[in-house]
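Undergrad: File upload_17.txt follows (compact mmCIF, N, CA and C atoms):
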```txt
# COMPACT_ATOMS: atom_id res chain seq x y z
N PRO F 1 12.60 -30.20 11.58
CA PRO F 1 13.39 -30.20 12.82
C PRO F 1 13.92 -28.79 13.12
N PRO F 2 14.00 -28.44 14.37
CA PRO F 2 14.48 -27.10 14.75
C PRO F 2 15.86 -26.76 14.19
N GLU F 3 16.77 -27.72 14.14
CA GLU F 3 18.12 -27.45 13.64
C GLU F 3 18.09 -27.09 12.15
N ALA F 4 17.29 -27.77 11.37
CA ALA F 4 17.17 -27.47 9.95
C ALA F 4 16.56 -26.10 9.74
N PHE F 5 15.57 -25.73 10.56
CA PHE F 5 14.94 -24.42 10.46
C PHE F 5 15.94 -23.32 10.83
N ARG F 6 16.78 -23.59 11.81
CA ARG F 6 17.79 -22.61 12.22
C ARG F 6 18.70 -22.24 11.05
N GLU F 7 19.05 -23.21 10.23
CA GLU F 7 19.90 -22.95 9.07
C GLU F 7 19.22 -22.01 8.08
N VAL F 8 17.89 -22.03 8.02
CA VAL F 8 17.15 -21.20 7.08
C VAL F 8 17.00 -19.77 7.57
N VAL F 9 16.91 -19.55 8.88
CA VAL F 9 16.59 -18.22 9.41
C VAL F 9 17.72 -17.53 10.16
N CYS F 10 18.86 -18.20 10.35
CA CYS F 10 19.99 -17.59 11.06
C CYS F 10 21.14 -17.37 10.08
N PHE F 11 21.68 -16.16 10.08
CA PHE F 11 22.71 -15.80 9.12
C PHE F 11 23.93 -15.23 9.84
N ALA F 12 25.12 -15.69 9.46
CA ALA F 12 26.36 -15.16 10.03
C ALA F 12 26.61 -13.74 9.53
N ASP F 13 26.25 -13.45 8.29
CA ASP F 13 26.41 -12.13 7.70
C ASP F 13 25.24 -11.27 8.17
N LEU F 14 25.52 -10.25 8.94
CA LEU F 14 24.47 -9.43 9.56
C LEU F 14 23.70 -8.54 8.58
N ARG F 15 24.13 -8.51 7.31
CA ARG F 15 23.33 -7.79 6.31
C ARG F 15 22.01 -8.52 6.04
N PHE F 16 22.00 -9.82 6.32
CA PHE F 16 20.81 -10.62 6.11
C PHE F 16 20.02 -10.68 7.41
N GLY F 17 18.79 -11.14 7.31
CA GLY F 17 18.00 -11.25 8.52
C GLY F 17 16.70 -11.98 8.32
N SER F 18 16.14 -12.43 9.43
CA SER F 18 14.82 -13.04 9.44
C SER F 18 13.94 -12.23 10.38
N PHE F 19 12.69 -12.09 10.00
CA PHE F 19 11.79 -11.19 10.71
C PHE F 19 10.44 -11.86 10.92
N ALA F 20 9.94 -11.78 12.15
CA ALA F 20 8.63 -12.33 12.47
C ALA F 20 7.56 -11.37 11.98
N LEU F 21 6.48 -11.90 11.45
CA LEU F 21 5.34 -11.11 11.04
C LEU F 21 4.22 -11.34 12.05
N LEU F 22 3.83 -10.28 12.71
CA LEU F 22 2.82 -10.39 13.77
C LEU F 22 1.51 -9.76 13.34
N GLU F 23 0.43 -10.39 13.78
CA GLU F 23 -0.90 -9.84 13.57
C GLU F 23 -1.60 -9.90 14.93
N GLU F 24 -1.87 -8.73 15.49
CA GLU F 24 -2.48 -8.62 16.81
C GLU F 24 -1.69 -9.42 17.84
N GLY F 25 -0.37 -9.34 17.76
CA GLY F 25 0.51 -9.99 18.72
C GLY F 25 0.77 -11.46 18.49
N ALA F 26 0.10 -12.07 17.53
CA ALA F 26 0.29 -13.49 17.23
C ALA F 26 1.16 -13.65 15.97
N LEU F 27 1.94 -14.71 15.95
CA LEU F 27 2.79 -14.98 14.80
C LEU F 27 1.93 -15.31 13.58
N ALA F 28 2.06 -14.48 12.54
CA ALA F 28 1.31 -14.68 11.30
C ALA F 28 2.19 -15.26 10.20
N GLY F 29 3.51 -15.20 10.39
CA GLY F 29 4.44 -15.70 9.39
C GLY F 29 5.82 -15.14 9.64
N TYR F 30 6.66 -15.23 8.62
CA TYR F 30 8.01 -14.66 8.73
C TYR F 30 8.48 -14.24 7.35
N ALA F 31 9.48 -13.36 7.35
CA ALA F 31 10.08 -12.85 6.12
C ALA F 31 11.59 -12.97 6.22
N LEU F 32 12.22 -13.24 5.10
CA LEU F 32 13.67 -13.43 5.08
C LEU F 32 14.33 -12.53 4.04
N LEU F 33 15.44 -11.98 4.43
CA LEU F 33 16.37 -11.31 3.53
C LEU F 33 17.63 -12.16 3.63
N GLY F 34 17.84 -13.03 2.65
CA GLY F 34 18.91 -14.02 2.76
C GLY F 34 19.86 -13.97 1.59
N PRO F 35 20.94 -14.75 1.69
CA PRO F 35 21.92 -14.77 0.60
C PRO F 35 21.33 -15.39 -0.67
N PHE F 36 21.66 -14.80 -1.81
CA PHE F 36 21.24 -15.39 -3.08
C PHE F 36 22.19 -16.52 -3.44
N LYS F 37 23.47 -16.27 -3.37
CA LYS F 37 24.51 -17.28 -3.58
C LYS F 37 25.66 -16.93 -2.65
N GLY F 38 26.50 -17.89 -2.38
CA GLY F 38 27.57 -17.69 -1.42
C GLY F 38 28.82 -17.02 -1.95
N ARG F 39 28.96 -16.93 -3.25
CA ARG F 39 30.20 -16.37 -3.80
C ARG F 39 30.20 -14.84 -3.75
N CYS F 40 31.38 -14.29 -3.65
CA CYS F 40 31.58 -12.84 -3.48
C CYS F 40 30.92 -12.01 -4.58
N ALA F 41 30.89 -12.51 -5.79
CA ALA F 41 30.33 -11.75 -6.91
C ALA F 41 28.85 -11.42 -6.69
N TYR F 42 28.17 -12.19 -5.84
CA TYR F 42 26.73 -12.00 -5.61
C TYR F 42 26.44 -11.24 -4.32
N ARG F 43 27.44 -10.58 -3.75
CA ARG F 43 27.27 -9.93 -2.44
C ARG F 43 26.29 -8.76 -2.45
N PHE F 44 25.93 -8.24 -3.62
CA PHE F 44 24.97 -7.14 -3.70
C PHE F 44 23.57 -7.63 -4.09
N SER F 45 23.38 -8.95 -4.07
CA SER F 45 22.09 -9.54 -4.38
C SER F 45 21.59 -10.29 -3.14
N SER F 46 20.28 -10.32 -2.98
CA SER F 46 19.69 -11.01 -1.84
C SER F 46 18.42 -11.73 -2.29
N GLU F 47 18.19 -12.89 -1.69
CA GLU F 47 16.93 -13.59 -1.92
C GLU F 47 15.93 -13.11 -0.87
N VAL F 48 14.72 -12.82 -1.31
CA VAL F 48 13.65 -12.40 -0.40
C VAL F 48 12.57 -13.47 -0.37
N SER F 49 12.05 -13.71 0.82
CA SER F 49 11.00 -14.71 1.00
C SER F 49 10.00 -14.20 2.03
N VAL F 50 8.74 -14.48 1.77
CA VAL F 50 7.68 -14.15 2.72
C VAL F 50 6.81 -15.39 2.87
N TYR F 51 6.63 -15.83 4.11
CA TYR F 51 5.80 -16.99 4.40
C TYR F 51 4.70 -16.57 5.37
N LEU F 52 3.45 -16.82 5.00
CA LEU F 52 2.31 -16.47 5.85
C LEU F 52 1.49 -17.71 6.17
N ARG F 53 0.95 -17.72 7.38
CA ARG F 53 -0.02 -18.77 7.72
C ARG F 53 -1.23 -18.58 6.80
N PRO F 54 -1.88 -19.65 6.41
CA PRO F 54 -3.02 -19.51 5.48
C PRO F 54 -4.07 -18.50 5.94
N GLU F 55 -4.35 -18.47 7.22
CA GLU F 55 -5.38 -17.54 7.72
C GLU F 55 -4.91 -16.09 7.77
N ALA F 56 -3.62 -15.85 7.51
CA ALA F 56 -3.08 -14.48 7.53
C ALA F 56 -2.99 -13.87 6.13
N THR F 57 -3.35 -14.64 5.11
CA THR F 57 -3.23 -14.13 3.74
C THR F 57 -4.40 -13.20 3.41
N GLY F 58 -4.18 -12.35 2.39
CA GLY F 58 -5.23 -11.47 1.91
C GLY F 58 -5.51 -10.26 2.77
N LYS F 59 -4.60 -9.95 3.69
CA LYS F 59 -4.80 -8.83 4.62
C LYS F 59 -3.76 -7.73 4.46
N GLY F 60 -2.91 -7.84 3.44
CA GLY F 60 -1.88 -6.84 3.23
C GLY F 60 -0.58 -7.10 3.96
N LEU F 61 -0.49 -8.20 4.72
CA LEU F 61 0.73 -8.49 5.47
C LEU F 61 1.91 -8.80 4.53
N GLY F 62 1.65 -9.54 3.46
CA GLY F 62 2.71 -9.87 2.53
C GLY F 62 3.27 -8.63 1.86
N SER F 63 2.41 -7.73 1.46
CA SER F 63 2.83 -6.48 0.84
C SER F 63 3.65 -5.64 1.81
N ALA F 64 3.18 -5.54 3.05
CA ALA F 64 3.92 -4.78 4.08
C ALA F 64 5.27 -5.43 4.36
N ALA F 65 5.30 -6.76 4.37
CA ALA F 65 6.57 -7.47 4.62
C ALA F 65 7.57 -7.19 3.50
N LEU F 66 7.11 -7.21 2.25
CA LEU F 66 8.01 -6.90 1.14
C LEU F 66 8.52 -5.47 1.21
N ASP F 67 7.65 -4.53 1.55
CA ASP F 67 8.09 -3.14 1.73
C ASP F 67 9.18 -3.06 2.78
N PHE F 68 8.99 -3.76 3.88
CA PHE F 68 9.97 -3.78 4.96
C PHE F 68 11.29 -4.38 4.49
N LEU F 69 11.22 -5.53 3.81
CA LEU F 69 12.44 -6.17 3.33
C LEU F 69 13.19 -5.28 2.34
N GLU F 70 12.45 -4.63 1.45
CA GLU F 70 13.10 -3.76 0.48
C GLU F 70 13.78 -2.57 1.15
N ALA F 71 13.16 -2.01 2.17
CA ALA F 71 13.78 -0.90 2.90
C ALA F 71 15.07 -1.37 3.58
N ARG F 72 15.04 -2.54 4.23
CA ARG F 72 16.25 -3.07 4.86
C ARG F 72 17.32 -3.34 3.80
N ALA F 73 16.91 -3.88 2.66
CA ALA F 73 17.87 -4.20 1.59
C ALA F 73 18.55 -2.94 1.09
N ARG F 74 17.80 -1.86 0.91
CA ARG F 74 18.40 -0.59 0.47
C ARG F 74 19.39 -0.08 1.52
N GLU F 75 18.99 -0.11 2.79
CA GLU F 75 19.87 0.35 3.87
C GLU F 75 21.16 -0.45 3.91
N ARG F 76 21.09 -1.71 3.54
CA ARG F 76 22.23 -2.61 3.66
C ARG F 76 23.03 -2.74 2.36
N GLY F 77 22.68 -1.91 1.37
CA GLY F 77 23.48 -1.83 0.16
C GLY F 77 23.23 -2.88 -0.90
N PHE F 78 22.07 -3.53 -0.87
CA PHE F 78 21.78 -4.51 -1.91
C PHE F 78 21.30 -3.82 -3.18
N HIS F 79 21.59 -4.44 -4.29
CA HIS F 79 21.23 -3.90 -5.61
C HIS F 79 20.09 -4.67 -6.25
N ALA F 80 20.09 -6.00 -6.11
CA ALA F 80 19.07 -6.84 -6.73
C ALA F 80 18.44 -7.76 -5.69
N LEU F 81 17.12 -7.89 -5.78
CA LEU F 81 16.38 -8.81 -4.93
C LEU F 81 15.78 -9.90 -5.80
N ILE F 82 15.88 -11.13 -5.35
CA ILE F 82 15.42 -12.28 -6.11
C ILE F 82 14.46 -13.09 -5.25
N ALA F 83 13.33 -13.47 -5.84
CA ALA F 83 12.35 -14.30 -5.15
C ALA F 83 12.14 -15.58 -5.94
N GLY F 84 12.20 -16.71 -5.27
CA GLY F 84 11.87 -18.00 -5.88
C GLY F 84 10.52 -18.44 -5.35
N VAL F 85 9.57 -18.68 -6.25
CA VAL F 85 8.19 -18.99 -5.86
C VAL F 85 7.73 -20.24 -6.61
N THR F 86 7.12 -21.17 -5.89
CA THR F 86 6.54 -22.33 -6.54
C THR F 86 5.55 -21.84 -7.60
N ALA F 87 5.68 -22.34 -8.80
CA ALA F 87 4.93 -21.81 -9.95
C ALA F 87 3.42 -21.88 -9.77
N GLU F 88 2.93 -22.80 -8.96
CA GLU F 88 1.49 -22.90 -8.77
C GLU F 88 0.97 -21.98 -7.66
N ASN F 89 1.86 -21.28 -6.99
CA ASN F 89 1.45 -20.37 -5.91
C ASN F 89 1.06 -19.02 -6.52
N GLU F 90 -0.12 -18.97 -7.08
CA GLU F 90 -0.58 -17.79 -7.83
C GLU F 90 -0.67 -16.55 -6.96
N ALA F 91 -1.05 -16.69 -5.71
CA ALA F 91 -1.17 -15.53 -4.82
C ALA F 91 0.19 -14.88 -4.60
N SER F 92 1.22 -15.69 -4.36
CA SER F 92 2.57 -15.14 -4.15
C SER F 92 3.11 -14.51 -5.43
N LEU F 93 2.89 -15.17 -6.56
CA LEU F 93 3.35 -14.60 -7.82
C LEU F 93 2.67 -13.26 -8.08
N ARG F 94 1.38 -13.16 -7.81
CA ARG F 94 0.66 -11.88 -7.97
C ARG F 94 1.25 -10.81 -7.07
N LEU F 95 1.53 -11.17 -5.82
CA LEU F 95 2.10 -10.21 -4.87
C LEU F 95 3.43 -9.67 -5.38
N PHE F 96 4.34 -10.55 -5.75
CA PHE F 96 5.65 -10.08 -6.21
C PHE F 96 5.53 -9.24 -7.47
N ARG F 97 4.69 -9.64 -8.39
CA ARG F 97 4.51 -8.84 -9.62
C ARG F 97 3.92 -7.47 -9.29
N LYS F 98 2.95 -7.43 -8.39
CA LYS F 98 2.33 -6.17 -7.98
C LYS F 98 3.38 -5.22 -7.36
N LYS F 99 4.37 -5.79 -6.69
CA LYS F 99 5.40 -4.99 -6.04
C LYS F 99 6.58 -4.68 -6.97
N GLY F 100 6.44 -4.98 -8.26
CA GLY F 100 7.45 -4.60 -9.23
C GLY F 100 8.51 -5.64 -9.54
N TYR F 101 8.33 -6.86 -9.09
CA TYR F 101 9.27 -7.94 -9.41
C TYR F 101 8.92 -8.49 -10.79
N GLU F 102 9.94 -8.69 -11.60
CA GLU F 102 9.74 -9.19 -12.95
C GLU F 102 10.18 -10.64 -13.07
N PRO F 103 9.39 -11.46 -13.76
CA PRO F 103 9.79 -12.86 -13.96
C PRO F 103 11.07 -12.93 -14.78
N VAL F 104 12.02 -13.73 -14.34
CA VAL F 104 13.28 -13.87 -15.06
C VAL F 104 13.64 -15.32 -15.37
N ALA F 105 12.97 -16.27 -14.73
CA ALA F 105 13.28 -17.68 -15.01
C ALA F 105 12.13 -18.57 -14.55
N HIS F 106 11.98 -19.67 -15.25
CA HIS F 106 11.01 -20.70 -14.87
C HIS F 106 11.75 -22.04 -14.97
N PHE F 107 11.92 -22.68 -13.83
CA PHE F 107 12.60 -23.97 -13.79
C PHE F 107 11.55 -25.07 -13.62
N ARG F 108 11.63 -26.06 -14.47
CA ARG F 108 10.66 -27.15 -14.45
C ARG F 108 11.13 -28.26 -13.52
N GLU F 109 10.22 -28.67 -12.64
CA GLU F 109 10.40 -29.83 -11.77
C GLU F 109 11.73 -29.82 -11.00
N VAL F 110 12.08 -28.68 -10.43
CA VAL F 110 13.32 -28.59 -9.65
C VAL F 110 13.07 -28.76 -8.15
N GLY F 111 11.82 -28.67 -7.74
CA GLY F 111 11.47 -28.88 -6.34
C GLY F 111 10.65 -30.14 -6.19
N PHE F 112 10.80 -30.79 -5.04
CA PHE F 112 10.00 -31.98 -4.77
C PHE F 112 9.47 -31.90 -3.36
N LYS F 113 8.16 -31.78 -3.23
CA LYS F 113 7.52 -31.84 -1.92
C LYS F 113 6.06 -32.21 -2.13
N PHE F 114 5.41 -32.58 -1.06
CA PHE F 114 4.02 -33.06 -1.12
C PHE F 114 3.91 -34.26 -2.06
N GLY F 115 5.01 -35.02 -2.21
CA GLY F 115 5.00 -36.23 -3.03
C GLY F 115 4.99 -36.01 -4.53
N ARG F 116 5.37 -34.78 -4.95
CA ARG F 116 5.36 -34.51 -6.40
C ARG F 116 6.40 -33.46 -6.77
N TRP F 117 6.72 -33.42 -8.06
CA TRP F 117 7.67 -32.45 -8.59
C TRP F 117 6.97 -31.11 -8.79
N LEU F 118 7.70 -30.02 -8.50
CA LEU F 118 7.14 -28.68 -8.61
C LEU F 118 8.05 -27.78 -9.45
N ASP F 119 7.42 -26.94 -10.27
CA ASP F 119 8.15 -25.91 -11.00
C ASP F 119 8.38 -24.72 -10.07
N VAL F 120 9.44 -23.97 -10.33
CA VAL F 120 9.75 -22.78 -9.54
C VAL F 120 10.01 -21.62 -10.49
N GLU F 121 9.38 -20.50 -10.20
CA GLU F 121 9.62 -19.27 -10.95
C GLU F 121 10.50 -18.35 -10.12
N TYR F 122 11.41 -17.67 -10.79
CA TYR F 122 12.24 -16.66 -10.14
C TYR F 122 11.85 -15.30 -10.66
N LEU F 123 11.73 -14.36 -9.74
CA LEU F 123 11.39 -12.98 -10.07
C LEU F 123 12.46 -12.09 -9.47
N GLU F 124 12.71 -10.94 -10.13
CA GLU F 124 13.80 -10.06 -9.71
C GLU F 124 13.31 -8.62 -9.67
N LYS F 125 13.85 -7.88 -8.72
CA LYS F 125 13.61 -6.43 -8.65
C LYS F 125 14.95 -5.76 -8.41
N LEU F 126 15.28 -4.80 -9.28
CA LEU F 126 16.49 -4.02 -9.10
C LEU F 126 16.17 -2.79 -8.26
N LEU F 127 16.98 -2.55 -7.26
CA LEU F 127 16.73 -1.43 -6.36
C LEU F 127 17.33 -0.13 -6.87
N GLY F 128 18.21 -0.23 -7.84
CA GLY F 128 18.78 0.97 -8.46
C GLY F 128 19.90 1.61 -7.72
```
Once more with this new file: its structure as structure tokens, please.
TA:
Amino acid sequence: PPEAFREVVCFADLRFGSFALLEEGALAGYALLGPFKGRCAYRFSSEVSVYLRPEATGKGLGSAALDFLEARARERGFHALIAGVTAENEASLRLFRKKGYEPVAHFREVGFKFGRWLDVEYLEKLLG
């Protein structure tokens, strides 16, 4: 539903943001620089997400999106970036590892979609 999606991509804190990924003028996906947790102690950490349409993968868009998010995160004073990726999404895990994100946690069966339980891996990159 549109209202549920709005909660995912609209942020009251302007340090965060959602960004459309375009390929030849068409929407290829979106990228998010969002809150990691709501408490003040985590204000220098951000969750990063990149979502691409299946036909937009393998073209360097995900890598470019992460570069963009990291640049915005540095400008906005973030110290740590965290990505949560479904453990079976090998392409996304490869992308984050290639960009210097290190695995820091593996949670078993914490997500449920497509009628089944899914593991989630968390990866982190410190911006220094």
Undergrad: Please list as a list in words every residue within 7 Å of Ser46 (chain F), counting only N, CA and C atoms and excluding residues in the same chain fewer than 5 positions away.
TA: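 The contact residues come out as Leu33, Gly34, Pro35, Phe36, Lys37, Phe78, His79, Ala80, Leu81, Ile82 and Ala83 of chain F.
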Undergrad: How would the residues just picked look written out with N, CA and C atoms as a tab-separated table (two decimals), in the frame of the given file?
TA:
```tsv
chain	number	residue	atom	x	y	z
F	33	LEU	N	15.44	-11.98	4.43
F	33	LEU	CA	16.37	-11.31	3.53
F	33	LEU	C	17.63	-12.16	3.63
F	34	GLY	N	17.84	-13.03	2.65
F	34	GLY	CA	18.91	-14.02	2.76
F	34	GLY	C	19.86	-13.97	1.59
F	35	PRO	N	20.94	-14.75	1.69
F	35	PRO	CA	21.92	-14.77	0.60
F	35	PRO	C	21.33	-15.39	-0.67
F	36	PHE	N	21.66	-14.80	-1.81
F	36	PHE	CA	21.24	-15.39	-3.08
F	36	PHE	C	22.19	-16.52	-3.44
F	37	LYS	N	23.47	-16.27	-3.37
F	37	LYS	CA	24.51	-17.28	-3.58
F	37	LYS	C	25.66	-16.93	-2.65
F	78	PHE	N	22.07	-3.53	-0.87
F	78	PHE	CA	21.78	-4.51	-1.91
F	78	PHE	C	21.30	-3.82	-3.18
F	79	HIS	N	21.59	-4.44	-4.29
F	79	HIS	CA	21.23	-3.90	-5.61
F	79	HIS	C	20.09	-4.67	-6.25
F	80	ALA	N	20.09	-6.00	-6.11
F	80	ALA	CA	19.07	-6.84	-6.73
F	80	ALA	C	18.44	-7.76	-5.69
F	81	LEU	N	17.12	-7.89	-5.78
F	81	LEU	CA	16.38	-8.81	-4.93
F	81	LEU	C	15.78	-9.90	-5.80
F	82	ILE	N	15.88	-11.13	-5.35
F	82	ILE	CA	15.42	-12.28	-6.11
F	82	ILE	C	14.46	-13.09	-5.25
F	83	ALA	N	13.33	-13.47	-5.84
F	83	ALA	CA	12.35	-14.30	-5.15
F	83	ALA	C	12.14	-15.58	-5.94
```
Undergrad: May I ask for the distance between CA of Gly38 (chain F) and CA of Glu124 (chain F), given in Å to one decimal place?
TA: 17.8 Å
Undergrad: Neighbouring residues of Leu21 (chain F) were defined as those with any atom within 6.5 Å, considering all atoms listed in the file; residues of the same chain fewer than 5 positions away were excluded. Please report them as an NGL selection string.
TA: :F and (26-31)
Undergrad: Check the smallest atom-to-atom distance from each of F:Ala56, F:Val120, F:Val110, F:Leu69 to Val85 (chain F) using only C-alpha atoms, then report the winner.
TA: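 Among F:Ala56, F:Val120, F:Val110, F:Leu69, it is F:Val120 that comes nearest to Val85 (chain F).
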Undergrad: Could you pull out the residues in region 46-119 of chain F that DSSP calls strand (DSSP E) from the backbone, as number ranges by chain?
TA: F: 46-52, 80-86, 102-113, 116-119
Undergrad: Distance CA of Gly62 (chain F)-CA of Lys113 (chain F), one decimal place?
TA: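 According to the coordinates, CA of Gly62 (chain F) and CA of Lys113 (chain F) are separated by 22.9 Å.
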Undergrad: One decimal, Å: what's the distance from CA of Phe16 (chain F) over to CA of Glu55 (chain F), could you say?
TA: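 Distance between the two atoms: 27.1 Å.
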Undergrad: Quick one: DSSP helix (DSSP H, G or I) residues in chain F, as a PyMOL selection string?
TA: chain F and resi 2-9+40-42+54-56+61-75+90-98
